[in-house]
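Undergrad: Supplied in structure tokens, the structure appears directly below.
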Protein chains: 2
Amino acid sequence: MPELRQNFFTKEWVIIATERARRPEEMATHRAVQPVPAFVETCPFCPGNENKTPPEVMRVPGGNSWAVRVIPNKFAALSSELQPTRSLQHLRRRVDGFGFHEVIIDSPDHSRYMGLLSDEHVGSILTVYRERYNALSLDRRVNHITIFKNHGTDAGASLQHPHSQLIATPVIPSQVRHRLHEALRHYDDVGECMFCHMVEREVEDQTRIVLKGEHFVAMEVFAAPTPFATHIFPLRHMSSFGEITDLEIADLARVLRTLLAKIYVGLENPDLNFTVRSGPTEYNGARHFHWYVSVIPRLTRVAGFELGSGMFINTVLPEAAAEFLRKVSAEKVKGAGA
Amino acid sequence: MPELRQNFFTKEWVIIATERARRPEEMATHRAVQPVPAFVETCPFCPGNENKTPPEVMRVPGGNSWAVRVIPNKFAALSSELQPTRSLQHLRRRVDGFGFHEVIIDSPDHSRYMGLLSDEHVGSILTVYRERYNALSLDRRVNHITIFKNHGTDAGASLQHPHSQLIATPVIPSQVRHRLHEALRHYDDVGECMFCHMVEREVEDQTRIVLKGEHFVAMEVFAAPTPFATHIFPLRHMSSFGEITDLEIADLARVLRTLLAKIYVGLENPDLNFTVRSGPTEYNGARHFHWYVSVIPRLTRVAGFELGSGMFINTVLPEAAAEFLRKVSAEKVKGAGA
């Protein structure tokens with residue numbers, strides 16, 4: 001029987017289409033493993049080619065030279081040289097394209113997708129995320145920061161060398177505004193963070209939990225818009241990613257890395273995005289919002305219904321996806337290429 | 001210089017990334033024309049195979065048998081046999097999967113994409129849209145109806161034979177709710193329909209207009225999230241697609257068909273979606289909302305930034321896209337295959 005489910009913090013409806021239902025394992029890409037070299041001479045992100053990128057913003061030392069590097073995006077969507085000047089003409093509102101667009105090179109190894117790195121190395125990357133997040137949050141012209149990863153061409157990656165990105169905007173995206181609004185309404189009604197409440201219930205319920213660490217829990221989304229859409233929530237209330245502690249980073253590294261490895265093995269390295277969904281920079285300490293990570297394997301195509309209504313049709317039951325991922329061993333990836 | 005633009009009726013921000021700017025003609029698919037046969041024996045939508053589809057909902061007679069057919073979707077996302085019973089458990093809200101999911105077969109010809117049909121035939125299809133829209137609107141369990149087309153696999157089409165679809169849901173999508181809310185706020189503030197106001201200004205301004213008929217105007221979107229995202233607005237105020245008259249249908253058929261043909265020729269048959277964005281069925285006659293058609297060529301990939309923030313990065317200036325489409329002749333498609 002098909003059903004509609006509502007995401008309780010976005011209020012978006014999703015159709016869980018059981019008439020078209022597919023078993024989780026049917027979603028695997030079945031694509032041949034293509035060996036990826038650890039070093040590519042022409043790759044601007046490989047070691048020795050540091051002069052092919054814009055001047056470095058920061059680096060984590062390691063090995064012979066560096067473990068993680070941050071550089072400005074050479075084809076930045078926004079420019080830090082501009083000011084966020086606003087104008088309005090006949091309902092047409094615009095802002096000069098001020099902002100920051102940075103690239104975090106995950107490691108010197110061209111072949112090491114994040115799910116295949118060590119937990120410690122992923123911890124270094126997350127520490128860099130936090131450092132850049134907090135540094136850019138100090139700029140009062142910045143209103144919101146999105147950290148994200150594109151893995152594979154269907155997920156929008158244009159360079160193969162594993163990397164993450166950060167875009168700081170002078171506006172708060174309307175999607176974020178809507179979520180804040182719903183969260184605030186719940187806080188006003190019930191006097192609690194709706195995310196904290198939901199996470200507690202989900203952990204009790206168990207059916208959608210993929211794995212749980214000491215400080216973080218990864219779960220399939222009750223009203224998942226697409227197959228295997230997974231959220232990782234901090235168990236402690238935090239509205240901003242910048243508030244994460246070193247101990248928490250170590251736990252998130254393990255949970256995120258294990259989840260990515262499970263998806264890599266179980267679904268055969270699908271293209272994938274993940275994104276850190278933090279409140280706006282001015283919300284540090286807010287009681288009603290709670291940051292989290294969304295992991296979104298790109299296994300399906302968005303069609304006209306989704307574009308026209310904003311509603312998605314999901315053919316994989318989230319509970320079945322969770323059960324599937326719980327059973328996949330993340331150990332199998334040892335030694336595999338990107 | 002990059003800029004951020006805000007869509008005035010969704011309040012969504014878009015980055016117009018001039019550093020990465022591409023000329024409109026660079027967006028053409030450059031794919032080889034693959035001849036498509038007019039008849040495919042195994043196609044369930046081709047004439048003679050009517051028994052391979054679920055029982056017909058309606059047909060427009062024509063030629064030897066029919067010109068347009070409507071059938072229930074064999075793999076329907078929602079079921080008309082259920083009731084929209086709601087339940088709520090620990091913030092998890094769900095509704096039994098009641099709804100209608102219909103397929104409109106555009107024509108008996110397997111090769112005739114809508115941009116390649118005659119204006120008159122497109123008028124017949126639009127008349128069928130209206131008939132089904134109004135018939136399903138009478139069902140009080142239906143709250144919203146989305147009509148859409150998927151053209152090409154990247155746009156989510158699973159069958160090649162040109163067809164459109166209609167999904168009637170027992171809920172109002174939250175995306176639609178947000179737009180209604182913004183439109184109502186404008187109406188309360190200014191006492192006018194914000195869409196009527198915007199269309200008038202755009203027609204005066206000319207820079208984003210692609211073509212104008214007697215009753216409809218096609219324009220590039222000021223804050224277009226993706227290259228060549230185009231809206232077709234009725235010049236007369238109407239909140240619901242069901243209100244369209246026969247005269248208006250004839251004009252919309254010409255404007256929509258010409259726009260699709262221009263995109264087909266100018267961008268070399270890109271995968272594409274279009275969708276009729278109508279108010280909820282209960283909004284017939286509402287003064288603050290205005291229906292329109294969105295035409296969305298699928299020329300780019302959605303990446304992690306878009307998923308994480310809801311903001312899009314568009315590399316084609318909407319004004320340049322409009323100028324490009326104005327110049328493309330829609331006459332060249334005569335006799336071409338799908």
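Identifiers in this document derive from the order of the structure tokens: chains are assigned A, B, ..., residues are numbered from 1 separately in each chain, and ligands are numbered from 1 in order of occurrence.
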Please report as a tab-separated table every residue of segment 204-301 of chain B lying within 12 Å of segment 142-160 of chain B, along with the nearest atom pair and their distance in Å (one decimal), using only C-alpha atoms.
TA:
residue	atom	partner	partner_atom	distance
B:Ser240	CA	B:Ile145	CA	10.1
B:Phe241	CA	B:Ile145	CA	9.7
B:Gly242	CA	B:Ile145	CA	10.4
B:Leu260	CA	B:His151	CA	10.9
B:Tyr264	CA	B:His151	CA	11.1
B:Asn269	CA	B:Gly152	CA	9.1
B:Pro270	CA	B:Gly152	CA	7.7
B:Asp271	CA	B:Gly152	CA	4.6
B:Leu272	CA	B:His151	CA	5.1
B:Asn273	CA	B:Asn150	CA	4.8
B:Phe274	CA	B:Lys149	CA	5.3
B:Thr275	CA	B:Phe148	CA	4.1
B:Val276	CA	B:Ile147	CA	5.4
B:Arg277	CA	B:Thr146	CA	6.9
B:Ser278	CA	B:Thr146	CA	7.5
B:Gly279	CA	B:His144	CA	7.4
B:Pro280	CA	B:His144	CA	4.6
B:Thr281	CA	B:His144	CA	5.6
B:Glu282	CA	B:Asn143	CA	7.0
B:Tyr283	CA	B:Asn143	CA	9.6
B:Asn284	CA	B:His144	CA	11.3
B:Trp291	CA	B:Thr146	CA	11.4
B:Tyr292	CA	B:Ile147	CA	11.3
B:Val293	CA	B:Phe148	CA	9.3
B:Ser294	CA	B:Phe148	CA	9.3
B:Val295	CA	B:Lys149	CA	9.4
B:Ile296	CA	B:Ala155	CA	9.2
B:Pro297	CA	B:Ala155	CA	8.3
B:Arg298	CA	B:Ala155	CA	6.5
B:Leu299	CA	B:Asp154	CA	9.1
B:Thr300	CA	B:Asp154	CA	10.0
B:Arg301	CA	B:Asp154	CA	9.7
Undergrad: Please, could you write that set of residues out with N, CA and C atoms as a compact mmCIF listing (two decimals), in the first residue's frame?
TA:
# COMPACT_ATOMS: atom_id res chain seq x y z
N SER B 240 -6.14 29.09 -11.05
CA SER B 240 -6.19 27.66 -11.30
C SER B 240 -6.16 27.38 -12.79
N PHE B 241 -5.38 26.38 -13.16
CA PHE B 241 -5.30 25.99 -14.56
C PHE B 241 -6.68 25.64 -15.12
N GLY B 242 -7.56 25.11 -14.28
CA GLY B 242 -8.89 24.68 -14.73
C GLY B 242 -9.73 25.81 -15.29
N LEU B 260 8.95 25.17 -27.07
CA LEU B 260 9.58 23.84 -27.07
C LEU B 260 10.37 23.62 -28.35
N TYR B 264 14.27 22.96 -28.72
CA TYR B 264 14.66 21.76 -29.46
C TYR B 264 15.72 22.08 -30.51
N ASN B 269 17.74 19.51 -28.86
CA ASN B 269 16.89 18.50 -28.22
C ASN B 269 17.38 18.07 -26.83
N PRO B 270 17.50 19.01 -25.90
CA PRO B 270 17.91 18.60 -24.55
C PRO B 270 16.78 17.85 -23.85
N ASP B 271 17.14 17.01 -22.87
CA ASP B 271 16.12 16.45 -21.99
C ASP B 271 15.45 17.63 -21.28
N LEU B 272 14.20 17.45 -20.95
CA LEU B 272 13.43 18.62 -20.51
C LEU B 272 12.20 18.18 -19.71
N ASN B 273 11.83 19.00 -18.74
CA ASN B 273 10.55 18.83 -18.06
C ASN B 273 9.73 20.09 -18.24
N PHE B 274 8.40 19.93 -18.31
CA PHE B 274 7.59 21.11 -18.03
C PHE B 274 6.50 20.71 -17.06
N THR B 275 5.99 21.69 -16.36
CA THR B 275 4.97 21.42 -15.36
C THR B 275 4.02 22.60 -15.28
N VAL B 276 2.74 22.28 -15.08
CA VAL B 276 1.73 23.31 -14.88
C VAL B 276 1.65 23.56 -13.38
N ARG B 277 1.99 24.78 -12.97
CA ARG B 277 1.96 25.12 -11.53
C ARG B 277 0.66 25.86 -11.23
N SER B 278 -0.31 25.08 -10.79
CA SER B 278 -1.61 25.65 -10.48
C SER B 278 -1.77 25.75 -8.97
N GLY B 279 -2.63 26.64 -8.53
CA GLY B 279 -2.96 26.68 -7.10
C GLY B 279 -3.67 25.40 -6.70
N PRO B 280 -3.82 25.15 -5.39
CA PRO B 280 -4.59 23.99 -4.93
C PRO B 280 -6.02 24.05 -5.49
N THR B 281 -6.66 22.89 -5.55
CA THR B 281 -7.99 22.85 -6.16
C THR B 281 -8.99 23.74 -5.43
N GLU B 282 -8.81 23.93 -4.13
CA GLU B 282 -9.76 24.77 -3.38
C GLU B 282 -9.56 26.26 -3.66
N TYR B 283 -8.50 26.61 -4.39
CA TYR B 283 -8.17 28.02 -4.62
C TYR B 283 -8.78 28.60 -5.89
N ASN B 284 -9.61 27.83 -6.58
CA ASN B 284 -10.24 28.37 -7.79
C ASN B 284 -10.81 29.75 -7.50
N TRP B 291 -1.60 30.94 -11.81
CA TRP B 291 -0.93 29.72 -12.29
C TRP B 291 0.00 30.05 -13.46
N TYR B 292 0.92 29.14 -13.71
CA TYR B 292 1.84 29.31 -14.83
C TYR B 292 2.46 27.97 -15.19
N VAL B 293 3.16 27.97 -16.31
CA VAL B 293 3.86 26.76 -16.77
C VAL B 293 5.36 27.00 -16.61
N SER B 294 6.07 26.04 -15.99
CA SER B 294 7.54 26.10 -15.92
C SER B 294 8.11 25.13 -16.94
N VAL B 295 9.01 25.60 -17.78
CA VAL B 295 9.71 24.74 -18.73
C VAL B 295 11.17 24.69 -18.29
N ILE B 296 11.67 23.48 -18.03
CA ILE B 296 12.99 23.33 -17.41
C ILE B 296 13.87 22.38 -18.21
N PRO B 297 14.70 22.91 -19.14
CA PRO B 297 15.67 22.03 -19.82
C PRO B 297 16.66 21.49 -18.79
N ARG B 298 17.03 20.21 -18.95
CA ARG B 298 17.90 19.57 -17.95
C ARG B 298 19.33 19.55 -18.48
N LEU B 299 20.00 20.70 -18.36
CA LEU B 299 21.31 20.87 -18.96
C LEU B 299 22.44 20.77 -17.95
N THR B 300 22.12 20.77 -16.67
CA THR B 300 23.14 20.77 -15.64
C THR B 300 22.78 19.74 -14.56
N ARG B 301 23.74 19.45 -13.68
CA ARG B 301 23.50 18.50 -12.59
C ARG B 301 23.31 19.26 -11.28
Undergrad: Could the residues of chain B that have an atom at most 7 Å from chain A be listed as CSV, each with its closest atom pair and the distance in Å to one decimal, counting only C-alpha atoms and ordered by chain and ascending residue number?
TA:
residue,atom,partner,partner_atom,distance
B:Met1,CA,A:Gly97,CA,6.9
B:Pro2,CA,A:Gly97,CA,4.5
B:Glu3,CA,A:Gly97,CA,3.8
B:Leu4,CA,A:Val95,CA,5.0
B:Arg5,CA,A:Arg94,CA,4.4
B:Gln6,CA,A:Arg93,CA,5.4
B:Phe8,CA,A:Leu91,CA,6.1
B:Lys11,CA,A:Ser174,CA,6.2
B:Glu12,CA,A:Ser174,CA,5.2
B:Trp13,CA,A:Pro173,CA,6.3
B:Ala17,CA,A:Ala77,CA,5.0
B:Glu19,CA,A:Phe75,CA,6.3
B:Arg20,CA,A:Phe75,CA,6.1
B:Phe75,CA,A:Arg20,CA,6.1
B:Ala76,CA,A:Glu19,CA,6.8
B:Ala77,CA,A:Ala17,CA,5.0
B:Leu78,CA,A:Pro2,CA,6.1
B:Leu91,CA,A:Phe8,CA,6.1
B:Arg92,CA,A:Phe8,CA,6.5
B:Arg93,CA,A:Gln6,CA,5.4
B:Arg94,CA,A:Arg5,CA,4.4
B:Val95,CA,A:Leu4,CA,5.0
B:Asp96,CA,A:Glu3,CA,4.6
B:Gly97,CA,A:Glu3,CA,3.9
B:Thr146,CA,A:Gly308,CA,6.6
B:Phe148,CA,A:Gly304,CA,5.3
B:Lys149,CA,A:Gly304,CA,5.9
B:Asn150,CA,A:Gly304,CA,5.7
B:Asp154,CA,A:Arg301,CA,6.6
B:Ala155,CA,A:Ala303,CA,5.2
B:Gly156,CA,A:Ala303,CA,4.6
B:Pro173,CA,A:Ser309,CA,6.0
B:Ser174,CA,A:Glu12,CA,5.2
B:Gln175,CA,A:Gly310,CA,5.5
B:Val176,CA,A:Ser309,CA,6.7
B:Asn273,CA,A:Gly304,CA,5.2
B:Phe274,CA,A:Gly304,CA,6.3
B:Thr275,CA,A:Gly308,CA,5.4
B:Arg277,CA,A:Gly308,CA,6.4
B:Arg301,CA,A:Gly156,CA,5.6
B:Val302,CA,A:Gly156,CA,6.3
B:Ala303,CA,A:Gly156,CA,4.6
B:Gly304,CA,A:Asn273,CA,5.2
B:Phe305,CA,A:Phe148,CA,6.1
B:Gly308,CA,A:Thr275,CA,5.4
B:Ser309,CA,A:Pro173,CA,6.0
B:Gly310,CA,A:Gln175,CA,5.5
B:Met311,CA,A:Pro173,CA,6.2
Undergrad: Take the residues just selected and output them with C-alpha atoms as a short mmCIF file (atom, residue, chain, number, x, y, z; two decimals), in the first residue's frame.
TA:
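selection39.cif, freshly written:
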data_model
loop_
_atom_site.label_atom_id
_atom_site.label_comp_id
_atom_site.auth_asym_id
_atom_site.auth_seq_id
_atom_site.Cartn_x
_atom_site.Cartn_y
_atom_site.Cartn_z
CA MET B 1 30.74 40.23 -11.58
CA PRO B 2 28.72 37.46 -9.93
CA GLU B 3 25.40 38.39 -8.38
CA LEU B 4 22.70 36.87 -6.22
CA ARG B 5 19.14 37.24 -7.40
CA GLN B 6 15.99 36.50 -5.45
CA PHE B 8 10.27 37.30 -5.92
CA LYS B 11 12.03 34.03 -2.16
CA GLU B 12 14.72 31.58 -3.25
CA TRP B 13 18.14 33.05 -3.93
CA ALA B 17 27.97 32.87 -11.57
CA GLU B 19 33.05 33.87 -13.38
CA ARG B 20 31.94 30.59 -14.83
CA PHE B 75 2.87 1.71 -11.99
CA ALA B 76 0.89 4.38 -10.16
CA ALA B 77 2.62 6.17 -7.29
CA LEU B 78 -0.76 6.59 -5.55
CA LEU B 91 5.94 13.71 15.06
CA ARG B 92 5.75 11.13 12.26
CA ARG B 93 2.79 12.14 10.14
CA ARG B 94 1.50 9.85 7.41
CA VAL B 95 -1.45 9.53 5.06
CA ASP B 96 -2.59 6.39 3.27
CA GLY B 97 -1.52 6.64 -0.35
CA THR B 146 0.39 18.47 -10.76
CA PHE B 148 3.97 17.47 -16.00
CA LYS B 149 6.01 16.10 -18.85
CA ASN B 150 9.31 14.22 -18.72
CA ASP B 154 17.79 12.62 -17.73
CA ALA B 155 14.38 14.22 -17.20
CA GLY B 156 13.03 10.98 -15.73
CA PRO B 173 2.92 20.15 -1.21
CA SER B 174 4.89 22.39 1.14
CA GLN B 175 6.60 24.06 -1.82
CA VAL B 176 3.17 25.15 -3.07
CA ASN B 273 10.55 18.83 -18.06
CA PHE B 274 7.59 21.11 -18.03
CA THR B 275 4.97 21.42 -15.36
CA ARG B 277 1.96 25.12 -11.53
CA ARG B 301 23.50 18.50 -12.59
CA VAL B 302 22.27 19.33 -9.13
CA ALA B 303 25.23 19.10 -6.73
CA GLY B 304 25.82 19.19 -2.97
CA PHE B 305 25.50 22.97 -2.63
CA GLY B 308 22.38 21.53 1.12
CA SER B 309 21.16 25.08 0.77
CA GLY B 310 18.32 24.98 -1.75
CA MET B 311 20.23 27.72 -3.64
#
Undergrad: Interatomic distance between atom CA of Pro225 of chain B and atom CA of Tyr129 of chain B?
TA: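 Taking atom CA of Pro225 of chain B and atom CA of Tyr129 of chain B, their separation equals 26.6 Å.
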